[in-house]
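Since the structure comes first, as structure tokens, the remarks are kept for the end.
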Amino acid sequence: MCIETLTVRTEIAISFWVFLSFDQLCEAIEVSMTMSNSFYGYSLILTFFMLLLHAWSQLTPNFYDKTCPNLQNIVGNEVQKAFNRENRMAASLLRLHFHDCFVNGCDGSVLLDVSGGEKFALSNRNSVRGFEVVDSIKRTVERACPGVVSCADILALVARDSVVVTRGPSWTVLLGRRDGFVSISLNGTDAALPSAFDTLDAIIYKFKRVGLDEKDVVSLSGSHTIGLARCAALSNRLFNFENTGSPDSTMDPYLLYQLRKLCPEKGDQNKTTLLDQYTEGRDCINIFDNHYFQNLLDGESVLSSDQALLSSSKTSYWVQIYNDDNDRFLDDFIDAMIRMGNISPPSGSRGQIRKNCRRVN
């Protein structure tokens with residue numbers, strides 16, 4: 001029997017065997033290996049086993065259809081409640097998923113209360129937020145489906161629903177992630193996460209490390225159409241940009257004036273302003289659309305890392321495309337979010353389902 005025929009027969013068999021537990025599978029493999037007394041028999045079992053493990057490692061949209069059928073409704077309702085209490089929370093929850101996936105994959109490790117871990121890195125300290133909302137969602141999910149849904153999957157669903165509540169698009173979230181056991185060190189976290197102070201080259205490099213490209217840099221940056229920025233993240237542009245002794249010359253003069261009033265030198269660095277400026281008159285605060293890209297073209301972006309998207313043709317091309325075509329932006333944003341959510345997720349028999357998102361079981 002040729003190997004091609006073995007592979008085809010094995011792929012067909014997977015549809016019947018994929019529902020076995022890991023222990024059941026191991027027992028079946030052991031029995032089959034004992035019964036097989038030929039090279040081709042062993043080849044069949046080995047090929048089957050490898051393909052089945054590959055199938056288990058894939059995320060699927062219907063992962064919880066039988067084990068937690070109301071999961072998506074539960075998460076969506078809880079995100080809506082959190083947004084109603086505080087509009088800023090939508091952007092904060094979306095950002096949590098981003099910060100989780102870029103550091104050691106989408107494994108829920110950003111949620112762990114580990115001394116010296118990701119949550120307390122410079123890139124996250126006084127920056128990422130919404131942990132108490134995730135805790136509340138997890139408790140609600142556990143009451144409905146105890147020990148079934150991972151914190152990493154909750155983050156992926158919460159990110160999608162945070163876009164939906166801000167009148168952005170919805171998409172099918174792939175599920176089946178498990179929770180990691182470790183939280184990466186402070187230095188490792190800061191090295192992996194794109195920063196508001198990074199150069200464009202540094203940001204692109206960090207994206208490419210996790211399998212994303214320049215188009216993804218621009219489309220995912222478009223999430224800055226919602227949310228707030230702290231003075232600490234933008235004051236570098238206001239007075240002594242890149243040690244020139246002057247403000248960033250690419251910033252709109254009126255915006256510079258306004259931000260200097262909000263964020264004076266030696267002022268409170270925790271004050272905040274809209275990432276998507278001049279939305280008040282357009283009645284689109286906390287609306288997920290492509291207005292962010294118009295800001296870039298008008299010199300009205302808040303963060304230097306955002307404005308830097310115009311400094312290279314590889315990214316400025318997409319800024320113009322998305323400014324002109326909101327539907328194209330939303331489609332590409334969805335595509336980038338799905339691929340970002342598939343960055344090295346623990347699945348199958350790897351990882352665990354945490355009972356409490358802040359600590360391993």
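We name chains A, B, ... following the order of the structure tokens; residues begin at 1 in each chain, and ligands are numbered from 1 as shown.
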Task: Which of region 155-261 of chain A fall in strand (DSSP E or B), as a PyMOL selection string - done: chain A and resi 175+179+228-230
Let's have the selection written as a CSV table (one decimal), in the first residue's frame, with all heavy atoms.
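Contents of selection-v2.csv, as written:
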chain,number,residue,atom,x,y,z
A,175,LEU,N,-12.1,29.4,18.2
A,175,LEU,CA,-12.0,29.1,19.6
A,175,LEU,C,-11.3,27.8,19.8
A,175,LEU,O,-11.1,27.0,18.9
A,175,LEU,CB,-13.4,29.1,20.3
A,175,LEU,CG,-14.2,30.4,20.2
A,175,LEU,CD1,-15.6,30.2,20.5
A,175,LEU,CD2,-13.5,31.5,21.1
A,179,ASP,N,-5.2,27.9,28.3
A,179,ASP,CA,-4.4,29.0,29.1
A,179,ASP,C,-3.0,28.5,29.4
A,179,ASP,O,-2.8,27.3,29.7
A,179,ASP,CB,-5.2,29.3,30.4
A,179,ASP,CG,-6.5,29.8,30.2
A,179,ASP,OD1,-6.7,30.7,29.3
A,179,ASP,OD2,-7.5,29.5,30.9
A,228,LEU,N,-8.7,56.1,24.7
A,228,LEU,CA,-8.0,57.3,25.2
A,228,LEU,C,-6.5,57.1,25.2
A,228,LEU,O,-6.0,55.9,25.3
A,228,LEU,CB,-8.5,57.7,26.6
A,228,LEU,CG,-10.0,57.9,26.7
A,228,LEU,CD1,-10.4,58.2,28.2
A,228,LEU,CD2,-10.5,59.1,25.8
A,229,ALA,N,-5.7,58.2,25.2
A,229,ALA,CA,-4.3,58.1,25.4
A,229,ALA,C,-3.9,59.0,26.6
A,229,ALA,O,-4.5,60.0,26.8
A,229,ALA,CB,-3.6,58.6,24.2
A,230,ARG,N,-3.0,58.5,27.4
A,230,ARG,CA,-2.5,59.2,28.6
A,230,ARG,C,-1.4,60.2,28.1
A,230,ARG,O,-0.7,60.0,27.1
A,230,ARG,CB,-1.9,58.3,29.6
A,230,ARG,CG,-2.9,57.3,30.2
A,230,ARG,CD,-2.2,56.2,31.0
A,230,ARG,NE,-1.3,56.7,32.0
A,230,ARG,CZ,0.0,56.4,32.1
A,230,ARG,NH1,0.6,55.6,31.2
A,230,ARG,NH2,0.7,56.8,33.1
Open item on the list: Please identify the helix (DSSP H, G or I) residues within region 190-302 of chain A (assignment by DSSP from backbone atoms) and present them as an MDAnalysis selection string.
Closed with: chainID A and resid 190:192 200:209 214:225 231:237 241:243 253:262 280:282 291:297
Open item on the list: Show me, as a list in words, the residues that have an atom within 8 Å of region 301-304 of chain A when counting only C-alpha atoms, minus same-chain residues fewer than 4 positions from it.
Closed with: Ala196, Phe197, Ala229, Ala233, Leu234, Arg237, Met251, Leu275, Asp276, Gln277, Tyr292, Asn295, Leu296 and Ala308 of chain A
Could those residues be written to a file, using C-alpha atoms, as a PDB file, in the first residue's frame?
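Result file is out-v5.pdb:
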ATOM      1  CA  ALA A 196       3.979  54.344  21.425  1.00  0.00           C
ATOM      2  CA  PHE A 197       7.632  55.426  21.457  1.00  0.00           C
ATOM      3  CA  ALA A 229      -4.295  58.105  25.443  1.00  0.00           C
ATOM      4  CA  ALA A 233       2.210  58.355  25.965  1.00  0.00           C
ATOM      5  CA  LEU A 234       2.139  61.575  23.958  1.00  0.00           C
ATOM      6  CA  ARG A 237       5.826  65.093  20.971  1.00  0.00           C
ATOM      7  CA  MET A 251       1.511  67.724  14.500  1.00  0.00           C
ATOM      8  CA  LEU A 275      -7.001  58.910  20.426  1.00  0.00           C
ATOM      9  CA  ASP A 276      -9.387  59.871  17.624  1.00  0.00           C
ATOM     10  CA  GLN A 277      -9.360  63.641  17.861  1.00  0.00           C
ATOM     11  CA  TYR A 292      -8.464  57.653  12.509  1.00  0.00           C
ATOM     12  CA  ASN A 295      -6.448  62.223  11.459  1.00  0.00           C
ATOM     13  CA  LEU A 296      -3.132  60.848  10.245  1.00  0.00           C
ATOM     14  CA  ALA A 308       4.920  57.504  11.815  1.00  0.00           C
TER      15      ALA A 308
END
Task: Selected residue, from A:Ser221, A:Asn356, A:Asn70, A:Thr166, that lies nearest to Trp318 (chain A) when counting only C-alpha atoms - done: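 Counting only C-alpha atoms, the residue closest to Trp318 (chain A) is A:Ser221.
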Task: Å distance separating CA of Phe239 (chain A) from CA of Thr199 (chain A), one decimal place - done: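 Separation of CA of Phe239 (chain A) and CA of Thr199 (chain A): 18.4 Å.
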Task: Residues within 10 Å of Asn124 (chain A), only C-alpha atoms, excluding chain neighbours under 4 positions, as a list in words - done: Leu96, His99, Val110, Glu118, Lys119, Phe120, Val128, Arg129, Leu186, Thr189, Asp190, Leu193 and Ser195 of chain A
Contacts of Tyr257 (chain A) at 9 Å or less, counting only C-alpha atoms, minus same-chain residues fewer than 5 places along, as a CSV table (one decimal) with all heavy atoms, in the first residue's frame?
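Result file is out.csv:
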chain,number,residue,atom,x,y,z
A,238,LEU,N,5.4,67.0,22.4
A,238,LEU,CA,4.9,68.3,22.7
A,238,LEU,C,5.9,69.4,23.0
A,238,LEU,O,5.7,70.6,22.7
A,238,LEU,CB,3.9,68.3,23.9
A,238,LEU,CG,2.7,67.3,23.8
A,238,LEU,CD1,1.8,67.4,25.0
A,238,LEU,CD2,2.0,67.5,22.5
A,252,ASP,N,-0.5,68.9,13.9
A,252,ASP,CA,-1.3,70.1,13.6
A,252,ASP,C,-1.1,71.1,14.7
A,252,ASP,O,-1.2,70.8,15.9
A,252,ASP,CB,-2.8,69.7,13.5
A,252,ASP,CG,-3.7,70.8,13.4
A,252,ASP,OD1,-3.8,71.4,12.3
A,252,ASP,OD2,-4.3,71.2,14.4
A,262,LEU,N,-3.4,70.5,28.0
A,262,LEU,CA,-3.8,69.4,28.8
A,262,LEU,C,-2.6,68.7,29.5
A,262,LEU,O,-2.8,68.2,30.6
A,262,LEU,CB,-4.5,68.3,27.8
A,262,LEU,CG,-4.9,67.0,28.5
A,262,LEU,CD1,-6.1,67.2,29.4
A,262,LEU,CD2,-5.2,66.0,27.4
Task: From A:Pro169, A:Asn77, A:Val133, A:Cys231, residue lying nearest Thr272 (chain A) [only C-alpha atoms] - done: A:Cys231
Task: Non-local contacts of Phe63 (chain A) (12 Å; only C-alpha atoms; under 3 positions in same chain excluded) as a list in words - done: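 Contacts, with the query itself left out: Phe19, Trp56, Ser57, Gln58, Leu59, Thr60, Lys66, Thr67, Cys68, Pro69, Leu71, Gln72, Val148, Val149, Ser150, Asp153, Thr172, Val173, Leu174, Leu175, Gly176, Arg177, Arg178, Ser347 and Gly348 of chain A.
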Restricted to N, CA and C atoms, what would the selected residues look like written as a compact mmCIF listing (two decimals), in the first residue's frame?
# COMPACT_ATOMS: atom_id res chain seq x y z
N PHE A 19 -13.13 12.76 18.07
CA PHE A 19 -13.91 13.02 19.27
C PHE A 19 -13.43 12.22 20.48
N TRP A 56 -6.31 18.48 16.10
CA TRP A 56 -6.61 18.98 17.43
C TRP A 56 -6.04 20.38 17.67
N SER A 57 -4.93 20.71 16.99
CA SER A 57 -4.27 21.99 17.26
C SER A 57 -4.97 23.15 16.58
N GLN A 58 -5.96 22.88 15.72
CA GLN A 58 -6.62 23.95 14.99
C GLN A 58 -7.76 24.55 15.81
N LEU A 59 -7.87 25.87 15.75
CA LEU A 59 -8.99 26.55 16.38
C LEU A 59 -10.21 26.44 15.48
N THR A 60 -11.39 26.37 16.09
CA THR A 60 -12.63 26.22 15.32
C THR A 60 -13.69 27.16 15.88
N LYS A 66 -21.32 22.45 22.03
CA LYS A 66 -21.96 21.44 22.86
C LYS A 66 -21.65 21.61 24.34
N THR A 67 -20.46 22.11 24.66
CA THR A 67 -20.05 22.18 26.07
C THR A 67 -20.43 23.48 26.74
N CYS A 68 -20.65 24.54 25.96
CA CYS A 68 -21.07 25.83 26.54
C CYS A 68 -21.83 26.62 25.48
N PRO A 69 -23.02 26.16 25.12
CA PRO A 69 -23.74 26.71 23.98
C PRO A 69 -24.12 28.18 24.09
N LEU A 71 -22.24 30.53 25.49
CA LEU A 71 -21.03 31.30 25.77
C LEU A 71 -21.02 32.66 25.10
N GLN A 72 -21.28 32.71 23.82
CA GLN A 72 -21.15 33.97 23.08
C GLN A 72 -22.17 35.00 23.55
N VAL A 148 -14.74 24.75 31.61
CA VAL A 148 -14.82 24.46 30.17
C VAL A 148 -14.11 25.51 29.32
N VAL A 149 -14.33 26.80 29.61
CA VAL A 149 -13.89 27.88 28.71
C VAL A 149 -12.61 28.52 29.23
N SER A 150 -11.63 28.65 28.36
CA SER A 150 -10.35 29.24 28.77
C SER A 150 -10.43 30.75 28.86
N ASP A 153 -9.64 32.30 25.42
CA ASP A 153 -10.78 32.39 24.52
C ASP A 153 -11.72 33.52 24.93
N THR A 172 -16.58 35.98 13.02
CA THR A 172 -16.58 34.67 13.66
C THR A 172 -15.25 34.46 14.36
N VAL A 173 -15.30 34.29 15.67
CA VAL A 173 -14.08 34.09 16.47
C VAL A 173 -13.75 32.61 16.51
N LEU A 174 -12.53 32.28 16.14
CA LEU A 174 -12.07 30.90 16.25
C LEU A 174 -11.71 30.61 17.70
N LEU A 175 -12.11 29.45 18.19
CA LEU A 175 -11.97 29.12 19.61
C LEU A 175 -11.28 27.77 19.80
N GLY A 176 -10.88 27.52 21.03
CA GLY A 176 -10.19 26.28 21.37
C GLY A 176 -8.83 26.52 22.00
N ARG A 177 -8.51 27.79 22.30
CA ARG A 177 -7.25 28.08 22.99
C ARG A 177 -7.32 27.54 24.42
N ARG A 178 -6.16 27.22 24.96
CA ARG A 178 -6.06 26.89 26.37
C ARG A 178 -5.18 27.93 27.04
N SER A 347 -3.35 24.69 22.57
CA SER A 347 -4.61 24.03 22.27
C SER A 347 -4.43 22.53 22.42
N GLY A 348 -5.49 21.80 22.16
CA GLY A 348 -5.41 20.35 22.31
C GLY A 348 -5.14 19.97 23.75
Per residue of region 257-325 of chain A within 10 Å of region 200-209 of chain A, note the shortest atom pair and the distance in Å to one decimal, counting only C-alpha atoms, and order the rows by chain and increasing residue number, as a Markdown table.
| residue | atom | partner | partner_atom | distance |
| --- | --- | --- | --- | --- |
| A:Ser304 | CA | A:Leu200 | CA | 9.4 |
| A:Ser305 | CA | A:Leu200 | CA | 6.6 |
| A:Asp306 | CA | A:Leu200 | CA | 8.8 |
| A:Gln307 | CA | A:Leu200 | CA | 9.4 |
| A:Ala308 | CA | A:Leu200 | CA | 6.0 |
| A:Leu309 | CA | A:Leu200 | CA | 6.8 |
| A:Leu310 | CA | A:Leu200 | CA | 9.4 |
| A:Ser311 | CA | A:Leu200 | CA | 7.9 |
| A:Ser312 | CA | A:Leu200 | CA | 8.2 |
| A:Thr315 | CA | A:Leu200 | CA | 9.2 |
Please write the residues from the selection above to a file, keeping N, CA and C atoms, as a PDB file, in the first residue's frame.
ATOM      1  N   SER A 304       3.054  59.427  18.458  1.00  0.00           N
ATOM      2  CA  SER A 304       4.093  59.500  17.429  1.00  0.00           C
ATOM      3  C   SER A 304       4.148  58.209  16.619  1.00  0.00           C
ATOM      4  N   SER A 305       3.870  57.075  17.257  1.00  0.00           N
ATOM      5  CA  SER A 305       3.895  55.791  16.545  1.00  0.00           C
ATOM      6  C   SER A 305       2.782  55.718  15.507  1.00  0.00           C
ATOM      7  N   ASP A 306       1.669  56.415  15.744  1.00  0.00           N
ATOM      8  CA  ASP A 306       0.599  56.473  14.744  1.00  0.00           C
ATOM      9  C   ASP A 306       1.008  57.369  13.573  1.00  0.00           C
ATOM     10  N   GLN A 307       1.464  58.574  13.882  1.00  0.00           N
ATOM     11  CA  GLN A 307       1.831  59.507  12.822  1.00  0.00           C
ATOM     12  C   GLN A 307       2.962  58.954  11.955  1.00  0.00           C
ATOM     13  N   ALA A 308       3.791  58.080  12.548  1.00  0.00           N
ATOM     14  CA  ALA A 308       4.920  57.504  11.815  1.00  0.00           C
ATOM     15  C   ALA A 308       4.463  56.600  10.672  1.00  0.00           C
ATOM     16  N   LEU A 309       3.205  56.205  10.655  1.00  0.00           N
ATOM     17  CA  LEU A 309       2.719  55.359   9.573  1.00  0.00           C
ATOM     18  C   LEU A 309       2.809  56.056   8.216  1.00  0.00           C
ATOM     19  N   LEU A 310       2.925  57.380   8.226  1.00  0.00           N
ATOM     20  CA  LEU A 310       3.063  58.129   6.974  1.00  0.00           C
ATOM     21  C   LEU A 310       4.510  58.259   6.528  1.00  0.00           C
ATOM     22  N   SER A 311       5.444  57.750   7.331  1.00  0.00           N
ATOM     23  CA  SER A 311       6.858  57.965   7.032  1.00  0.00           C
ATOM     24  C   SER A 311       7.429  56.930   6.070  1.00  0.00           C
ATOM     25  N   SER A 312       6.653  55.914   5.724  1.00  0.00           N
ATOM     26  CA  SER A 312       7.117  54.885   4.794  1.00  0.00           C
ATOM     27  C   SER A 312       6.016  54.576   3.792  1.00  0.00           C
ATOM     28  N   THR A 315       3.564  51.644   4.506  1.00  0.00           N
ATOM     29  CA  THR A 315       2.417  51.819   5.395  1.00  0.00           C
ATOM     30  C   THR A 315       1.524  52.989   4.966  1.00  0.00           C
TER      31      THR A 315
END
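Picture a line from CA of Val75 (chain A) to CA of Pro346 (chain A); it runs 21.1 Å.
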Open item on the list: Measuring between only C-alpha atoms, which one of A:Thr140, A:Ser183, A:Asn104, A:Ser123 shows the shortest distance to Lys355 (chain A)?
Closed with: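 Of A:Thr140, A:Ser183, A:Asn104, A:Ser123, the one nearest Lys355 (chain A) is A:Thr140, counting only C-alpha atoms.
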Open item on the list: For a test of reading the model, state the distance in Å between CA of Gly180 (chain A) and CA of Ile154 (chain A), rounded to one decimal.
Closed with: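 According to the coordinates, CA of Gly180 (chain A) and CA of Ile154 (chain A) are separated by 13.6 Å.
Minimum distance to Val218 (chain A) across A:Tyr317, A:Phe181, A:Phe241, A:Tyr254 (counting only C-alpha atoms) occurs at A:Tyr317.
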